[in-house]
Amino acid sequence: MFRVRNHKLALGASNVEFIKSPNIGGALAPKFLVIHYTASGPGADIARYFTRPEAKVSAHLVIRRDGTVIQCVPFDVVGWHAGRSRWTDKTGKYHAGLNQTSIGIEVENWGPLRRTGSGWVSWKEAAVDPSKVIEARHKFGDPDCGWETYTEAQIEATLQAARAICGEYGIDEIVGHDDISLIGKIDPGPAWNMGSFKAKVLGRNTNGPPTWTVRSPTGLNIRSGPGMEHPALRPQPLPDGTVAILHEASGQWRFVSVLNAAGQPDFSGWVHGGFLFES
Ligand SMILES: [Zn+2]
């Protein structure tokens, strides 16, 4: 698994691919880890974008959808990922301008999606596979829309990288860009289960959303709307033991995002609430 060697991420005997960004500041003693999405799709090479001085942005790591990790800034150098930002740490100390105190990880993901006919498109009008979309409201209430899900390979790679980084630098606070931004950034958004991610990296329970478990020996259909008259979204019902997070309720029906094996939202829809039990 990953480890940090001379402020670079290494796997076995070699470092992960390093594509140097010129968009950097001075020395960094990292205290926090910030998670972002790139707001881009597989057609854009974000690590290469960070090599352009006029981009004026960078991040320490980029995680592609296939789980490939690319480093663009050494961990002891300031990257330009947080923008105007602030954070009050767990001891109550106020930090302004998180670039000066944090490592940034960009995870390749479109972010919010717009419905079009039967499908979904990104802000660049790129079509996104509807089976890779959840519908959810941002924790700040807005936007309430579709969101591209993260791949299991990305989540696993981000987890392993975060464990190595947090271990090396003694970091025990992980935040989303949305937690710290002063200019309304909304990444990584509701498709990133930060509670589960933090618990897995830091090895302790943090206050993520409560999860619910399907209890039905014959499974439970997930539907496009709150009622039996709405078609099932999947050919097979959700198996007994499926874990989900709850977004909203309508009568007996619950709009949920089903979590994958990595604990991250996979797809969403309506299920009958009588078969859901708090995990
Ligand atoms: Zn961001």
# chains A, B, ... in the order shown; residues from 1 in each chain; ligands from 1
>>> residues_around(residues="range 218-220 of chain A", least_positions_apart="2", cutoff="12 Å", atoms="only C-alpha atoms", output="MDAnalysis selection string")
chainID A and resid 213:216 222:223 228 232:243 258 269:276
>>> residues_around(residues="range 53-58 of chain A", least_positions_apart="3", cutoff="9 Å", atoms="only C-alpha atoms", output="MDAnalysis selection string")
chainID A and resid 21:24 46:47 49:50 61 72:73 79:81 83 104 106
>>> closest_residue(among="A:Arg48, A:Lys8, A:Arg114, A:His36", to="ligand 1", atoms="only C-alpha atoms and all ligand atoms")
A:His36
>>> residues_around(residues="range 134-139 of chain A", least_positions_apart="3", cutoff="6 Å", atoms="only C-alpha atoms", output="PDB file with C-alpha atoms, in the first residue's frame")
ATOM      1  CA  ASP A 142     -28.728  23.560  -2.466  1.00  0.00           C
ATOM      2  CA  PRO A 143     -28.304  22.398  -5.168  1.00  0.00           C
ATOM      3  CA  ASP A 144     -30.784  19.503  -5.136  1.00  0.00           C
ATOM      4  CA  CYS A 145     -29.881  17.592  -8.285  1.00  0.00           C
ATOM      5  CA  GLY A 146     -28.079  14.607  -9.737  1.00  0.00           C
ATOM      6  CA  TRP A 147     -24.467  13.945  -8.769  1.00  0.00           C
ATOM      7  CA  PRO A 190     -23.244  14.510  -1.419  1.00  0.00           C
ATOM      8  CA  PHE A 267     -27.324   4.953  -6.849  1.00  0.00           C
ATOM      9  CA  SER A 268     -30.544   6.352  -5.462  1.00  0.00           C
TER      10      SER A 268
END
>>> select_by_dssp(residues="range 132-266 of chain A", states="strand (DSSP E)", output="ChimeraX atom specification")
/A:133-137,144-148,174-176,211-214,243-250,253-259,265-266
>>> residues_around(residues="range 124-130 of chain A", least_positions_apart="5", cutoff="10 Å", atoms="only C-alpha atoms", output="ChimeraX atom specification")
/A:39-41,43,110,113-116,118-119,146-149,267
>>> residues_near_ligand(ligand="ligand 1", cutoff="8 Å", atoms="only C-alpha atoms and all ligand atoms", output="ChimeraX atom specification")
/A:35-38,81-82,106,176-178,185-188
>>> atom_distance(atom1="CA of Glu278 in chain A", atom2="CA of Thr211 in chain A")
6.1 Å
>>> atom_distance(atom1="CA of Gly111 in chain A", atom2="CA of Gly184 in chain A")
14.0 Å
>>> closest_atom_pairs(of="range 16-67 of chain A", to="range 165-173 of chain A", cutoff="8 Å", atoms="only C-alpha atoms", output="Markdown table")
| residue | atom | partner | partner_atom | distance |
| --- | --- | --- | --- | --- |
| A:Pro30 | CA | A:Tyr169 | CA | 6.7 |
| A:Lys31 | CA | A:Ile171 | CA | 5.4 |
| A:Phe32 | CA | A:Glu173 | CA | 5.3 |
| A:Leu33 | CA | A:Glu173 | CA | 6.6 |
>>> decode(residues="range 140-272 of chain A", atoms="C-alpha atoms", output="PDB file, in the first residue's frame")
ATOM      1  CA  PHE A 140     -26.135  23.217   2.590  1.00  0.00           C
ATOM      2  CA  GLY A 141     -29.599  22.630   1.073  1.00  0.00           C
ATOM      3  CA  ASP A 142     -28.728  23.560  -2.466  1.00  0.00           C
ATOM      4  CA  PRO A 143     -28.304  22.398  -5.168  1.00  0.00           C
ATOM      5  CA  ASP A 144     -30.784  19.503  -5.136  1.00  0.00           C
ATOM      6  CA  CYS A 145     -29.881  17.592  -8.285  1.00  0.00           C
ATOM      7  CA  GLY A 146     -28.079  14.607  -9.737  1.00  0.00           C
ATOM      8  CA  TRP A 147     -24.467  13.945  -8.769  1.00  0.00           C
ATOM      9  CA  GLU A 148     -21.977  11.651 -10.425  1.00  0.00           C
ATOM     10  CA  THR A 149     -20.914   8.861  -8.071  1.00  0.00           C
ATOM     11  CA  TYR A 150     -17.266   8.136  -7.344  1.00  0.00           C
ATOM     12  CA  THR A 151     -15.844   4.796  -8.477  1.00  0.00           C
ATOM     13  CA  GLU A 152     -14.826   2.139  -5.961  1.00  0.00           C
ATOM     14  CA  ALA A 153     -11.299   2.264  -7.392  1.00  0.00           C
ATOM     15  CA  GLN A 154     -11.143   6.012  -6.655  1.00  0.00           C
ATOM     16  CA  ILE A 155     -12.506   5.647  -3.163  1.00  0.00           C
ATOM     17  CA  GLU A 156     -10.056   2.865  -2.349  1.00  0.00           C
ATOM     18  CA  ALA A 157      -7.091   4.799  -3.797  1.00  0.00           C
ATOM     19  CA  THR A 158      -8.117   7.967  -1.951  1.00  0.00           C
ATOM     20  CA  LEU A 159      -8.495   6.021   1.294  1.00  0.00           C
ATOM     21  CA  GLN A 160      -5.056   4.442   0.970  1.00  0.00           C
ATOM     22  CA  ALA A 161      -3.402   7.742   0.039  1.00  0.00           C
ATOM     23  CA  ALA A 162      -5.169   9.586   2.862  1.00  0.00           C
ATOM     24  CA  ARG A 163      -4.085   6.953   5.394  1.00  0.00           C
ATOM     25  CA  ALA A 164      -0.460   7.294   4.287  1.00  0.00           C
ATOM     26  CA  ILE A 165      -0.588  11.109   4.376  1.00  0.00           C
ATOM     27  CA  CYS A 166      -2.416  11.386   7.694  1.00  0.00           C
ATOM     28  CA  GLY A 167      -0.018   8.862   9.248  1.00  0.00           C
ATOM     29  CA  GLU A 168       3.090  10.646   7.961  1.00  0.00           C
ATOM     30  CA  TYR A 169       2.065  14.157   9.002  1.00  0.00           C
ATOM     31  CA  GLY A 170      -0.092  13.432  12.045  1.00  0.00           C
ATOM     32  CA  ILE A 171      -3.174  14.876  10.331  1.00  0.00           C
ATOM     33  CA  ASP A 172      -6.436  14.120  12.089  1.00  0.00           C
ATOM     34  CA  GLU A 173      -8.803  16.597  10.443  1.00  0.00           C
ATOM     35  CA  ILE A 174     -10.199  15.907   6.965  1.00  0.00           C
ATOM     36  CA  VAL A 175     -12.549  18.435   5.386  1.00  0.00           C
ATOM     37  CA  GLY A 176     -14.368  18.968   2.133  1.00  0.00           C
ATOM     38  CA  HIS A 177     -13.704  22.063   0.047  1.00  0.00           C
ATOM     39  CA  ASP A 178     -17.346  22.943   0.800  1.00  0.00           C
ATOM     40  CA  ASP A 179     -16.535  22.986   4.549  1.00  0.00           C
ATOM     41  CA  ILE A 180     -13.846  25.655   4.199  1.00  0.00           C
ATOM     42  CA  SER A 181     -14.679  27.708   1.107  1.00  0.00           C
ATOM     43  CA  LEU A 182     -15.590  31.381   1.444  1.00  0.00           C
ATOM     44  CA  ILE A 183     -16.710  31.553  -2.186  1.00  0.00           C
ATOM     45  CA  GLY A 184     -19.400  28.877  -2.189  1.00  0.00           C
ATOM     46  CA  LYS A 185     -17.533  25.816  -3.459  1.00  0.00           C
ATOM     47  CA  ILE A 186     -19.704  22.697  -3.139  1.00  0.00           C
ATOM     48  CA  ASP A 187     -17.197  19.897  -3.736  1.00  0.00           C
ATOM     49  CA  PRO A 188     -16.916  16.998  -2.987  1.00  0.00           C
ATOM     50  CA  GLY A 189     -20.733  17.087  -2.641  1.00  0.00           C
ATOM     51  CA  PRO A 190     -23.244  14.510  -1.419  1.00  0.00           C
ATOM     52  CA  ALA A 191     -21.901  11.658  -3.565  1.00  0.00           C
ATOM     53  CA  TRP A 192     -18.829  11.682  -1.297  1.00  0.00           C
ATOM     54  CA  ASN A 193     -19.743  10.106   2.052  1.00  0.00           C
ATOM     55  CA  MET A 194     -17.352  12.127   4.190  1.00  0.00           C
ATOM     56  CA  GLY A 195     -18.473  10.517   7.451  1.00  0.00           C
ATOM     57  CA  SER A 196     -17.613   7.045   6.199  1.00  0.00           C
ATOM     58  CA  PHE A 197     -14.389   8.244   4.570  1.00  0.00           C
ATOM     59  CA  LYS A 198     -13.138   9.954   7.746  1.00  0.00           C
ATOM     60  CA  ALA A 199     -14.031   6.950   9.875  1.00  0.00           C
ATOM     61  CA  LYS A 200     -12.110   4.641   7.538  1.00  0.00           C
ATOM     62  CA  VAL A 201      -9.035   6.895   7.312  1.00  0.00           C
ATOM     63  CA  LEU A 202      -8.847   7.960  10.931  1.00  0.00           C
ATOM     64  CA  GLY A 203     -10.122   4.714  12.389  1.00  0.00           C
ATOM     65  CA  ARG A 204     -12.774   6.231  14.571  1.00  0.00           C
ATOM     66  CA  ASN A 205     -16.392   7.153  14.392  1.00  0.00           C
ATOM     67  CA  THR A 206     -17.058  10.623  13.099  1.00  0.00           C
ATOM     68  CA  ASN A 207     -20.424  12.232  12.650  1.00  0.00           C
ATOM     69  CA  GLY A 208     -21.430  11.081   9.205  1.00  0.00           C
ATOM     70  CA  PRO A 209     -25.055  10.575   8.298  1.00  0.00           C
ATOM     71  CA  PRO A 210     -26.757   7.611   9.986  1.00  0.00           C
ATOM     72  CA  THR A 211     -27.145   4.575   7.763  1.00  0.00           C
ATOM     73  CA  TRP A 212     -30.162   2.336   7.282  1.00  0.00           C
ATOM     74  CA  THR A 213     -30.207  -1.385   6.509  1.00  0.00           C
ATOM     75  CA  VAL A 214     -32.711  -3.248   4.336  1.00  0.00           C
ATOM     76  CA  ARG A 215     -34.315  -6.072   6.321  1.00  0.00           C
ATOM     77  CA  SER A 216     -36.306  -8.243   3.925  1.00  0.00           C
ATOM     78  CA  PRO A 217     -35.455 -11.891   3.127  1.00  0.00           C
ATOM     79  CA  THR A 218     -36.846 -11.500  -0.392  1.00  0.00           C
ATOM     80  CA  GLY A 219     -35.171  -8.148  -0.993  1.00  0.00           C
ATOM     81  CA  LEU A 220     -36.684  -4.729  -1.535  1.00  0.00           C
ATOM     82  CA  ASN A 221     -37.488  -3.036  -4.829  1.00  0.00           C
ATOM     83  CA  ILE A 222     -36.031   0.415  -5.413  1.00  0.00           C
ATOM     84  CA  ARG A 223     -38.378   2.566  -7.477  1.00  0.00           C
ATOM     85  CA  SER A 224     -38.401   5.777  -9.455  1.00  0.00           C
ATOM     86  CA  GLY A 225     -41.072   7.348  -7.235  1.00  0.00           C
ATOM     87  CA  PRO A 226     -42.744   7.046  -3.822  1.00  0.00           C
ATOM     88  CA  GLY A 227     -45.309   4.307  -4.501  1.00  0.00           C
ATOM     89  CA  MET A 228     -45.864   0.797  -5.853  1.00  0.00           C
ATOM     90  CA  GLU A 229     -47.081   2.270  -9.140  1.00  0.00           C
ATOM     91  CA  HIS A 230     -43.594   3.561  -9.946  1.00  0.00           C
ATOM     92  CA  PRO A 231     -41.355   1.193 -11.911  1.00  0.00           C
ATOM     93  CA  ALA A 232     -38.435  -0.598 -10.264  1.00  0.00           C
ATOM     94  CA  LEU A 233     -35.088   1.007 -11.149  1.00  0.00           C
ATOM     95  CA  ARG A 234     -33.163  -2.256 -11.032  1.00  0.00           C
ATOM     96  CA  PRO A 235     -33.967  -5.697 -12.459  1.00  0.00           C
ATOM     97  CA  GLN A 236     -33.194  -7.269  -9.070  1.00  0.00           C
ATOM     98  CA  PRO A 237     -34.471  -6.017  -5.708  1.00  0.00           C
ATOM     99  CA  LEU A 238     -31.949  -4.706  -3.183  1.00  0.00           C
ATOM    100  CA  PRO A 239     -30.757  -7.747  -1.212  1.00  0.00           C
ATOM    101  CA  ASP A 240     -31.371  -8.176   2.504  1.00  0.00           C
ATOM    102  CA  GLY A 241     -28.617  -6.316   4.358  1.00  0.00           C
ATOM    103  CA  THR A 242     -28.192  -3.518   1.784  1.00  0.00           C
ATOM    104  CA  VAL A 243     -27.045  -0.308   3.486  1.00  0.00           C
ATOM    105  CA  ALA A 244     -28.296   3.136   2.458  1.00  0.00           C
ATOM    106  CA  ILE A 245     -28.412   6.738   3.573  1.00  0.00           C
ATOM    107  CA  LEU A 246     -31.716   8.559   3.781  1.00  0.00           C
ATOM    108  CA  HIS A 247     -32.407  11.799   1.885  1.00  0.00           C
ATOM    109  CA  GLU A 248     -36.133  12.416   2.275  1.00  0.00           C
ATOM    110  CA  ALA A 249     -39.477  10.866   3.145  1.00  0.00           C
ATOM    111  CA  SER A 250     -42.891  10.929   1.504  1.00  0.00           C
ATOM    112  CA  GLY A 251     -45.545   9.092   3.517  1.00  0.00           C
ATOM    113  CA  GLN A 252     -44.308   5.534   4.015  1.00  0.00           C
ATOM    114  CA  TRP A 253     -41.703   5.936   1.280  1.00  0.00           C
ATOM    115  CA  ARG A 254     -38.051   6.898   1.649  1.00  0.00           C
ATOM    116  CA  PHE A 255     -35.693   8.365  -0.931  1.00  0.00           C
ATOM    117  CA  VAL A 256     -32.287   6.780  -0.318  1.00  0.00           C
ATOM    118  CA  SER A 257     -28.814   6.411  -1.771  1.00  0.00           C
ATOM    119  CA  VAL A 258     -27.569   2.840  -1.661  1.00  0.00           C
ATOM    120  CA  LEU A 259     -23.976   2.534  -0.432  1.00  0.00           C
ATOM    121  CA  ASN A 260     -21.446   0.345  -2.207  1.00  0.00           C
ATOM    122  CA  ALA A 261     -18.970  -1.958  -0.469  1.00  0.00           C
ATOM    123  CA  ALA A 262     -16.648   1.012   0.071  1.00  0.00           C
ATOM    124  CA  GLY A 263     -19.391   2.827   2.011  1.00  0.00           C
ATOM    125  CA  GLN A 264     -20.013   5.438  -0.680  1.00  0.00           C
ATOM    126  CA  PRO A 265     -23.293   6.307  -2.455  1.00  0.00           C
ATOM    127  CA  ASP A 266     -23.813   4.173  -5.550  1.00  0.00           C
ATOM    128  CA  PHE A 267     -27.324   4.953  -6.849  1.00  0.00           C
ATOM    129  CA  SER A 268     -30.544   6.352  -5.462  1.00  0.00           C
ATOM    130  CA  GLY A 269     -34.288   5.820  -5.574  1.00  0.00           C
ATOM    131  CA  TRP A 270     -37.429   5.243  -3.493  1.00  0.00           C
ATOM    132  CA  VAL A 271     -38.022   2.263  -1.207  1.00  0.00           C
ATOM    133  CA  HIS A 272     -40.819   1.371   1.195  1.00  0.00           C
TER     134      HIS A 272
END
